[in-house]
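input37.cif follows (mmCIF, C-alpha atoms):
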```cif
data_structure
#
loop_
_atom_site.label_atom_id
_atom_site.label_comp_id
_atom_site.auth_asym_id
_atom_site.auth_seq_id
_atom_site.Cartn_x
_atom_site.Cartn_y
_atom_site.Cartn_z
CA MET A 1 0.00 0.00 0.00
CA ARG A 2 2.81 2.37 0.90
CA ALA A 3 4.71 1.56 -2.28
CA ILE A 4 1.66 2.37 -4.42
CA LEU A 5 1.26 5.72 -2.67
CA VAL A 6 4.94 6.57 -3.19
CA LEU A 7 4.70 5.58 -6.87
CA LEU A 8 1.59 7.73 -7.32
CA VAL A 9 3.33 10.74 -5.74
CA ILE A 10 6.34 10.25 -8.04
CA VAL A 11 4.09 10.07 -11.13
CA VAL A 12 2.31 13.29 -10.11
CA LEU A 13 5.62 15.07 -9.47
CA VAL A 14 7.01 13.93 -12.85
CA GLY A 15 3.84 15.19 -14.54
CA ILE A 16 4.11 18.59 -12.86
CA ALA A 17 7.78 18.84 -13.76
CA ALA A 18 7.07 17.91 -17.40
CA ILE A 19 4.45 20.65 -17.68
CA ALA A 20 6.65 23.21 -15.91
CA LEU A 21 9.70 22.48 -18.09
CA GLY A 22 7.72 22.60 -21.32
CA TYR A 23 7.86 18.92 -22.27
CA VAL A 24 4.08 18.79 -22.14
CA ASN A 25 2.00 21.63 -23.55
CA VAL A 26 -1.61 21.92 -22.45
CA THR A 27 -3.84 24.21 -24.53
CA GLN A 28 -7.53 24.87 -24.22
CA THR A 29 -9.36 23.95 -27.41
CA LYS A 30 -12.90 24.88 -26.38
CA THR A 31 -14.16 27.43 -23.87
CA ALA A 32 -16.49 26.38 -21.12
CA SER A 33 -19.98 27.82 -20.68
CA LEU A 34 -22.64 27.54 -18.07
CA PRO A 35 -25.87 25.79 -18.94
CA SER A 36 -28.86 28.02 -19.59
CA ILE A 37 -31.60 27.65 -17.00
CA SER A 38 -35.14 28.93 -17.28
CA VAL A 39 -37.11 29.50 -14.11
CA GLN A 40 -40.79 30.34 -14.23
CA GLY A 41 -43.49 30.75 -11.59
CA GLY A 42 -43.05 29.69 -8.03
CA SER A 43 -43.69 31.53 -4.82
CA THR A 44 -42.07 32.13 -1.50
CA PRO A 45 -43.47 30.48 1.64
CA ALA A 46 -45.85 32.47 3.84
CA PHE A 47 -45.92 32.38 7.64
CA ASN A 48 -48.38 33.69 10.20
CA VAL A 49 -46.59 34.30 13.50
CA GLN A 50 -48.37 35.38 16.67
CA THR A 51 -46.25 36.39 19.62
CA ALA A 52 -47.08 37.26 23.22
CA ASN A 53 -47.32 40.88 24.33
CA VAL A 54 -44.44 41.82 26.59
CA SER A 55 -44.57 44.96 28.69
CA VAL A 56 -41.49 46.16 30.53
CA GLY A 57 -41.69 48.57 33.42
CA THR A 58 -40.27 49.44 36.82
CA GLU A 59 -41.69 49.21 40.33
CA LYS A 60 -40.36 50.62 43.60
CA HIS A 61 -39.85 48.19 46.46
CA VAL A 62 -38.29 48.55 49.89
CA VAL A 63 -35.85 45.77 50.68
CA GLU A 64 -34.21 45.34 54.07
CA THR A 65 -30.52 44.50 53.90
CA PRO A 66 -28.47 43.23 56.83
CA THR A 67 -25.70 45.36 58.27
CA VAL A 68 -22.29 43.84 58.88
CA ASN A 69 -19.79 45.20 61.39
CA VAL A 70 -16.20 43.99 61.29
CA GLN A 71 -13.82 44.65 64.18
CA LYS A 72 -10.15 43.88 64.06
CA PRO A 73 -8.75 41.86 66.94
CA GLN A 74 -6.52 43.83 69.31
#
```
Have the structure of the file written as structure tokens, please.
Amino acid sequence: MRAILVLLVIVVLVGIAAIALGYVNVTQTKTASLPSISVQGGSTPAFNVQTANVSVGTEKHVVETPTVNVQKPQ
């Protein structure tokens, strides 16, 4: 398996070197073109979404918080 992989890499490198050094000349004989596509009709999907009403406000509340006294030892 390893020998086949090494042989394949060597063949690819030889091919690249042959093209780079001019031993192999690749020319394009026919230009490529995209296929023509005709689209007719169709529609986009429709959705009916109902959401909850959200109201944001503020309220004043009195909250008792504990007091903490720290005394250093003498």
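Reported to one decimal place, the separation of atom CA of A:Val26 from atom CA of A:Leu13 is 16.4 Å.
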Rounded to one decimal in Å, what is the spacing between atom CA of A:Val9 and atom CA of A:Gly22?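 Straight-line distance from atom CA of A:Val9 to atom CA of A:Gly22 works out to 20.1 Å.
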In Å to one decimal, how far is atom CA of A:Thr29 from atom CA of A:Val11? 25.3 Å
